[in-house]
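Just work.txt here, compact mmCIF, C-alpha atoms:
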```txt
# COMPACT_ATOMS: atom_id res chain seq x y z
CA MET K 1 43.19 174.51 160.83
CA ARG K 2 43.81 175.30 157.19
CA TYR K 3 41.07 175.71 154.60
CA LEU K 4 41.63 174.41 151.08
CA VAL K 5 39.91 176.37 148.29
CA THR K 6 40.19 175.84 144.55
CA LYS K 7 39.23 178.54 142.07
CA TRP K 8 39.42 178.47 138.26
CA PHE K 9 42.79 180.21 138.44
CA GLY K 10 44.52 178.32 141.25
CA VAL K 11 44.57 176.48 144.58
CA PHE K 12 44.62 178.40 147.87
CA LEU K 13 45.28 177.53 151.48
CA HIS K 14 43.62 179.86 153.97
CA ASP K 15 44.02 180.08 157.75
CA GLY K 16 40.69 181.84 158.31
CA LYS K 17 42.19 185.31 158.09
CA ARG K 18 44.44 185.31 155.05
CA VAL K 19 45.91 183.19 152.28
CA VAL K 20 48.99 181.42 153.61
CA LYS K 21 49.85 179.49 150.46
CA HIS K 22 48.76 179.48 146.84
CA LEU K 23 49.60 177.54 143.68
CA LEU K 24 48.39 179.32 140.56
CA PHE K 25 47.42 177.50 137.38
CA PRO K 26 49.33 178.21 134.16
CA LYS K 27 47.85 181.03 132.09
CA ASP K 28 48.19 178.86 128.99
CA GLU K 29 44.63 178.22 127.76
CA ASP K 30 45.13 174.52 126.99
CA GLU K 31 46.70 173.83 130.38
CA LEU K 32 43.91 175.70 132.10
CA VAL K 33 41.29 173.70 130.18
CA LYS K 34 42.94 170.45 131.29
CA ARG K 35 42.68 171.40 134.96
CA LEU K 36 39.10 172.62 134.72
CA LEU K 37 38.08 169.38 133.01
CA LEU K 38 39.76 167.33 135.74
CA ILE K 39 37.82 169.31 138.33
CA LYS K 40 34.54 168.68 136.49
CA GLU K 41 35.38 164.97 136.37
CA GLY K 42 35.75 164.95 140.14
CA LYS K 43 39.49 164.33 140.19
CA VAL K 44 42.03 165.79 142.61
CA LEU K 45 44.63 168.08 141.05
CA ASP K 46 48.37 167.78 141.64
CA GLU K 47 48.35 171.39 142.88
CA GLU K 48 45.77 170.48 145.52
CA LYS K 49 47.81 167.55 146.77
CA GLU K 50 50.96 169.66 146.82
CA SER K 51 49.33 172.56 148.67
CA ILE K 52 48.45 170.41 151.73
CA LYS K 53 51.57 168.25 151.73
CA GLY K 54 52.75 167.71 155.31
CA LEU K 55 49.57 169.15 156.84
CA LYS K 56 47.14 167.11 158.93
CA ASP K 57 44.27 169.44 159.81
CA VAL K 58 42.87 170.69 156.52
CA ALA K 59 39.20 171.35 155.72
CA THR K 60 37.36 171.76 152.42
CA ASN K 61 33.82 172.57 151.33
CA ASP K 62 34.31 170.68 148.06
CA ALA K 63 33.09 167.05 148.17
CA ARG K 64 35.54 166.27 145.39
CA LEU K 65 38.41 166.81 147.86
CA SER K 66 36.94 164.77 150.71
CA ASN K 67 39.65 162.11 150.27
CA ILE K 68 42.48 164.54 151.03
CA ALA K 69 40.79 166.97 153.44
CA ARG K 70 38.00 167.08 156.01
CA TYR K 71 34.73 167.85 154.28
CA LEU K 72 32.85 170.72 155.96
CA SER K 73 30.25 171.83 153.46
CA ASP K 74 28.62 174.62 155.50
CA HIS K 75 31.56 175.98 157.47
CA ALA K 76 31.20 179.74 157.91
CA VAL K 77 34.86 180.46 157.05
CA PHE K 78 34.40 179.38 153.44
CA LYS K 79 31.64 181.96 152.97
CA GLU K 80 33.98 184.69 154.15
CA ILE K 81 36.94 183.77 151.94
CA SER K 82 37.11 186.14 148.97
CA LEU K 83 39.59 185.42 146.18
CA LYS K 84 39.62 187.67 143.14
CA PRO K 85 41.43 186.55 139.96
CA GLU K 86 42.69 190.10 139.30
CA SER K 87 44.63 190.01 142.55
CA TYR K 88 46.69 187.13 141.18
CA GLY K 89 47.23 188.39 137.64
CA PHE K 90 44.28 186.62 135.99
CA THR K 91 41.52 188.31 134.00
CA LEU K 92 37.92 187.38 133.30
CA ASP K 93 38.80 187.67 129.63
CA LEU K 94 40.93 184.53 130.01
CA LEU K 95 38.03 182.72 131.67
CA ASN K 96 35.74 183.76 128.80
CA LYS K 97 38.23 182.25 126.35
CA VAL K 98 38.63 178.90 128.09
CA SER K 99 34.99 178.36 129.10
CA PRO K 100 33.78 177.48 125.55
CA LYS K 101 36.76 175.12 125.16
CA VAL K 102 35.86 173.35 128.39
CA ALA K 103 32.24 173.02 127.26
CA GLU K 104 33.37 171.68 123.88
CA GLN K 105 35.60 169.05 125.49
CA GLU K 106 32.84 168.04 127.90
CA THR K 107 30.46 167.53 124.98
CA LYS K 108 33.09 165.54 123.11
CA ARG K 109 33.79 163.28 126.07
CA SER K 110 30.10 162.81 126.74
CA LEU K 111 29.63 161.81 123.11
CA GLU K 112 32.49 159.33 123.35
CA ARG K 113 30.93 157.75 126.43
CA ARG K 114 27.59 157.39 124.64
CA ASP K 115 29.44 156.00 121.63
CA LEU K 116 30.86 153.24 123.80
CA GLN K 117 27.36 152.34 124.98
CA ILE K 118 26.07 152.10 121.41
CA ILE K 119 29.10 150.07 120.31
CA GLN K 120 28.58 147.56 123.12
CA MET K 121 24.84 147.40 122.40
CA ILE K 122 25.25 146.65 118.70
CA LYS K 123 28.01 144.11 119.37
CA SER K 124 25.77 142.31 121.86
CA PHE K 125 22.81 142.56 119.49
CA ASP K 126 24.67 141.00 116.56
CA GLU K 127 26.17 138.26 118.73
CA LEU K 128 22.79 137.37 120.20
CA VAL K 129 21.16 137.30 116.74
CA GLY K 130 23.90 134.95 115.57
CA PHE K 131 23.43 132.70 118.58
CA LEU K 132 19.63 132.77 118.13
CA ASN K 133 19.98 131.60 114.54
CA ILE K 134 22.21 128.71 115.59
CA LEU K 135 19.86 127.75 118.41
CA SER K 136 16.81 127.91 116.15
CA GLU K 137 18.47 125.61 113.61
CA ARG K 138 19.37 123.19 116.37
CA LEU K 139 15.79 123.16 117.68
CA GLU K 140 14.43 122.59 114.19
CA GLU K 141 16.69 119.55 113.74
CA TRP K 142 15.82 118.31 117.22
CA ASN K 143 12.07 118.67 116.61
CA SER K 144 12.36 116.62 113.44
CA LEU K 145 13.39 113.60 115.49
CA PRO K 146 10.69 111.18 116.60
CA SER K 147 9.70 111.74 120.24
CA PRO K 148 12.30 114.41 121.15
CA ASP K 149 13.51 114.51 124.75
CA GLU K 150 11.64 116.81 127.13
CA SER K 151 14.80 118.87 127.67
CA ILE K 152 14.05 120.45 124.31
CA ASN K 153 11.52 122.60 126.17
CA THR K 154 14.29 124.16 128.26
CA VAL K 155 16.27 125.01 125.13
CA SER K 156 13.12 126.41 123.54
CA GLU K 157 12.53 128.64 126.56
CA THR K 158 16.12 129.86 126.34
CA ARG K 159 15.56 130.76 122.68
CA ASP K 160 12.43 132.73 123.61
CA GLU K 161 14.32 134.64 126.32
CA ILE K 162 17.05 135.50 123.82
CA LYS K 163 14.41 136.82 121.43
CA LYS K 164 13.05 139.10 124.15
CA THR K 165 16.55 140.33 125.00
CA ILE K 166 17.21 141.09 121.33
CA GLU K 167 13.98 143.11 121.14
CA VAL K 168 14.94 145.13 124.23
CA LEU K 169 18.44 145.75 122.86
CA GLU K 170 17.10 146.83 119.48
CA GLU K 171 14.79 149.35 121.10
CA SER K 172 17.67 150.70 123.22
CA ILE K 173 19.83 151.07 120.12
CA ARG K 174 17.03 152.93 118.32
CA GLU K 175 16.49 155.34 121.22
CA ASN K 176 20.21 155.99 121.75
CA MET K 177 20.92 156.48 118.06
CA LYS K 178 18.11 159.05 117.79
CA LYS K 179 19.70 161.02 120.62
CA VAL K 180 23.37 160.65 119.66
CA ALA K 181 23.25 160.55 115.86
CA PRO K 182 19.83 161.66 114.55
CA ASN K 183 21.11 162.60 111.09
CA LEU K 184 23.06 159.37 110.63
CA THR K 185 20.04 157.40 111.86
CA SER K 186 17.79 159.07 109.26
CA VAL K 187 20.18 158.09 106.45
CA ALA K 188 21.41 154.65 107.51
CA GLY K 189 18.81 153.53 110.01
CA PRO K 190 19.59 152.88 113.69
CA LEU K 191 21.13 149.40 113.35
CA LEU K 192 23.31 150.06 110.32
CA GLY K 193 24.25 153.46 111.73
CA ALA K 194 25.31 151.80 114.99
CA ARG K 195 27.39 149.26 113.05
CA LEU K 196 29.13 152.05 111.14
CA ILE K 197 29.95 153.76 114.45
CA MET K 198 31.25 150.45 115.82
CA LEU K 199 33.46 149.71 112.80
CA ALA K 200 34.79 153.29 112.74
CA GLY K 201 35.57 153.18 116.45
CA GLY K 202 33.24 156.04 117.36
CA LEU K 203 30.95 158.67 115.86
CA GLU K 204 33.62 161.37 115.71
CA ARG K 205 36.01 159.03 113.90
CA LEU K 206 33.24 158.22 111.45
CA ALA K 207 32.60 161.95 110.96
CA ARG K 208 36.26 162.48 110.05
CA MET K 209 36.28 159.69 107.47
CA PRO K 210 35.90 160.50 103.76
CA ALA K 211 32.88 159.02 102.01
CA SER K 212 35.14 156.67 100.03
CA THR K 213 36.29 155.03 103.28
CA ILE K 214 32.77 154.81 104.71
CA GLN K 215 31.64 153.14 101.48
CA ILE K 216 33.93 150.14 101.99
CA ILE K 217 34.06 150.03 105.78
CA GLY K 218 33.46 146.44 106.80
CA ALA K 219 35.08 145.06 103.63
CA GLU K 220 38.62 145.11 104.98
CA LYS K 221 39.31 141.47 104.08
CA ALA K 222 38.29 141.98 100.46
CA LEU K 223 40.37 145.17 100.28
CA PHE K 224 43.36 143.33 101.77
CA ARG K 225 43.07 140.56 99.17
CA TYR K 226 42.83 143.12 96.36
CA LYS K 227 45.92 144.96 97.58
CA HIS K 228 47.78 141.65 97.49
CA GLY K 229 46.81 140.92 93.90
CA GLU K 230 43.69 138.85 94.46
CA GLY K 231 40.23 139.71 93.15
CA THR K 232 38.76 143.15 92.46
CA PRO K 233 38.42 146.19 94.72
CA PRO K 234 35.28 146.09 96.90
CA LYS K 235 32.48 148.45 95.83
CA HIS K 236 30.83 148.41 99.24
CA GLY K 237 31.21 147.08 102.75
CA ILE K 238 28.57 146.93 105.48
CA ILE K 239 26.60 149.59 103.59
CA PHE K 240 25.35 146.65 101.50
CA GLN K 241 22.90 146.07 104.40
CA HIS K 242 21.12 149.34 103.57
CA HIS K 243 17.57 148.74 102.36
CA LEU K 244 18.16 150.82 99.20
CA MET K 245 20.81 148.38 98.01
CA LYS K 246 18.09 145.75 97.60
CA GLN K 247 15.95 148.06 95.46
CA VAL K 248 18.40 148.47 92.59
CA LYS K 249 20.03 146.28 89.96
CA PRO K 250 23.43 144.74 90.78
CA SER K 251 25.02 147.05 88.20
CA GLN K 252 23.67 150.10 90.07
CA ARG K 253 24.80 149.07 93.55
CA GLY K 254 28.19 150.77 93.27
CA LYS K 255 26.55 154.14 92.59
CA VAL K 256 23.97 153.65 95.33
CA ALA K 257 26.73 152.66 97.79
CA ARG K 258 28.56 155.91 96.94
CA LEU K 259 25.34 157.86 97.45
CA ILE K 260 24.67 156.31 100.85
CA ALA K 261 28.29 156.72 101.96
CA THR K 262 28.34 160.39 100.92
CA LYS K 263 25.16 161.16 102.83
CA CYS K 264 26.35 159.16 105.86
CA ALA K 265 29.53 161.24 105.88
CA THR K 266 27.50 164.47 105.75
CA ALA K 267 25.11 163.20 108.44
CA ALA K 268 27.90 162.15 110.82
CA LYS K 269 29.64 165.52 110.44
CA ALA K 270 26.39 167.32 111.25
CA ASP K 271 25.79 165.11 114.31
CA VAL K 272 29.30 165.74 115.67
CA PHE K 273 30.28 169.24 114.61
CA THR K 274 27.36 171.48 113.61
CA LYS K 275 24.45 169.76 115.44
CA ARG K 276 22.18 170.87 112.57
CA ASP K 277 19.08 168.85 111.77
CA LEU K 278 19.61 167.74 108.16
CA THR K 279 17.27 164.74 108.27
CA GLU K 280 14.68 165.99 105.77
CA LEU K 281 17.26 167.56 103.45
CA LEU K 282 19.32 164.37 103.30
CA LYS K 283 16.27 162.19 102.68
CA LYS K 284 15.21 164.49 99.84
CA GLU K 285 18.68 164.48 98.26
CA ILE K 286 18.87 160.69 98.47
CA SER K 287 15.43 160.32 96.88
CA ILE K 288 16.32 162.62 93.96
CA ARG K 289 19.68 160.96 93.27
CA LEU K 290 18.21 157.45 93.59
CA LYS K 291 15.65 158.24 90.88
CA GLU K 292 18.46 159.45 88.63
CA ILE K 293 20.43 156.23 89.16
CA LYS K 294 17.41 154.02 88.51
CA SER K 295 16.50 155.91 85.35
CA VAL K 296 19.78 155.10 83.62
```
As structure tokens, what does this structure read like?
Amino acid sequence: MRYLVTKWFGVFLHDGKRVVKHLLFPKDEDELVKRLLLIKEGKVLDEEKESIKGLKDVATNDARLSNIARYLSDHAVFKEISLKPESYGFTLDLLNKVSPKVAEQETKRSLERRDLQIIQMIKSFDELVGFLNILSERLEEWNSLPSPDESINTVSETRDEIKKTIEVLEESIRENMKKVAPNLTSVAGPLLGARLIMLAGGLERLARMPASTIQIIGAEKALFRYKHGEGTPPKHGIIFQHHLMKQVKPSQRGKVARLIATKCATAAKADVFTKRDLTELLKKEISIRLKEIKSV
């Protein structure tokens, strides 16, 4: 029997007494990060497949490799196998360099996965709200008829169920946005913040956008028409949904849109890159600047 063991620096095949075959990972930091991430994701490496090629009786104590080798979690041989990186030309200094990179990539991928959840939630929320409005209008027209058919009750019940679903979705969006993008949520609110993430294609993409792009995100059709000689350039996109936009004169909305977009850009960067809590600072800065705009 052969025993398959994977360490951070390579893949080893042991016969119970000594290493009979080994495939070392590249010492390039980026290549090493790639392999360590694949391991953390539960995937089988090419080196692992290659090391047991042609062999039938191979054991492993790693559940990740149970599809290519016999899984023996508590086999005594694995406890006796000692593999030191220095013996194969690797140093702990290299591990110390790649470990933060692996952690950074894991955080990034985790964020992207949570982004996808938020994007699907807000898409579903907006679609259901649209459908609810249509259904409510239809019921209102139906109710205005003399002696409406009893089937209206079924449609009414459907509307009520949709309302409940919307409430559940909204609460989920609020909770997820607080966890994923607390700074953006404090500036834009959970629903608008989620829509900005959706339109940008993810929180990190939003964080990399300049404030000028965030300001008109959602107004792509108007921008397209302007670029083709029709109309004027849009002053704001989906940011128009922000509650502050309704508190100022139409002539001040352009400045307020720039203010909100600038603070959203700062908030998104903090949520993605620095992880600093800027919620109170951003609220204070918005309040001060808003007073200045209104005073003119």
At what distance in Å, to one decimal, does CA of Arg35 in chain K lie from CA of Glu48 in chain K?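 Value for the CA of Glu48 in chain K-CA of Arg35 in chain K distance: 11.0 Å.
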Between CA of Ser212 in chain K and CA of Thr262 in chain K, distance in Å (one decimal):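 Value for the CA of Ser212 in chain K-CA of Thr262 in chain K distance: 7.8 Å.
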Just give me the gap between CA of Gly89 in chain K and CA of Asp15 in chain K in Å, one decimal is fine. 22.0 Å
Find the residue from K:Arg208, K:Arg276, K:Lys97, K:Arg195 that sits nearest to Gly237 in chain K; use all atoms listed in the file when measuring.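 Of K:Arg208, K:Arg276, K:Lys97, K:Arg195, the one nearest Gly237 in chain K, counting all atoms listed in the file, is K:Arg195.
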Nearest to Thr154 in chain K by atom-to-atom distance, counting only C-alpha atoms, from K:Thr6, K:Glu31, K:Ile122, K:Leu135: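 Counting only C-alpha atoms, the residue closest to Thr154 in chain K is K:Leu135.
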Spatial neighbours of range 181-184 of chain K, max dist 6 Å, all atoms listed in the file, sep filter under 4 positions, as a PyMOL selection string: chain K and resi 177+188+264+267-268+271+279
Taking all atoms listed in the file into account, which of K:Leu32, K:Val77, K:Leu139, K:Ile238 comes nearest Ile260 in chain K? K:Ile238
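Proximity ranking of K:Ser144, K:Asn176, K:Asn61, K:Thr165 relative to Asp126 in chain K places K:Thr165 first, based on only C-alpha atoms.
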Kindly indicate which residue among K:Thr107, K:Ser99, K:Ser156, K:Thr185 lies nearest to Leu36 in chain K, using all atoms listed in the file for the distances. K:Ser99
Option closest in space to Lys163 in chain K, from K:Leu128, K:Ile197, K:His243, K:Leu192 [counting all atoms listed in the file]: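 Checking each candidate against Lys163 in chain K, we get K:Leu128 as the closest.
The environment of Lys40 in chain K within 10 Å, counting only C-alpha atoms and disregarding residues fewer than 5 places along the same chain, consists of K:Arg35, K:Arg64, K:Val102, K:Glu106.
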Near-Lys56 in chain K list (12 Å; all atoms listed in the file; drop same-chain fewer than 6 positions) as a PyMOL selection string: chain K and resi 1-3+68-70
Could those selected residues go to a file with C-alpha atoms, as a compact mmCIF listing (two decimals), in the frame of the given file?
```txt
# COMPACT_ATOMS: atom_id res chain seq x y z
CA MET K 1 43.19 174.51 160.83
CA ARG K 2 43.81 175.30 157.19
CA TYR K 3 41.07 175.71 154.60
CA ILE K 68 42.48 164.54 151.03
CA ALA K 69 40.79 166.97 153.44
CA ARG K 70 38.00 167.08 156.01
```
Could you name the residues that touch Gln215 in chain K at 12 Å or less, counting only C-alpha atoms, but leaving out those on the same chain fewer than 4 positions away, as a ChimeraX atom specification? /K:188,196,199-200,206,209-211,219-220,223,233-242,253-265
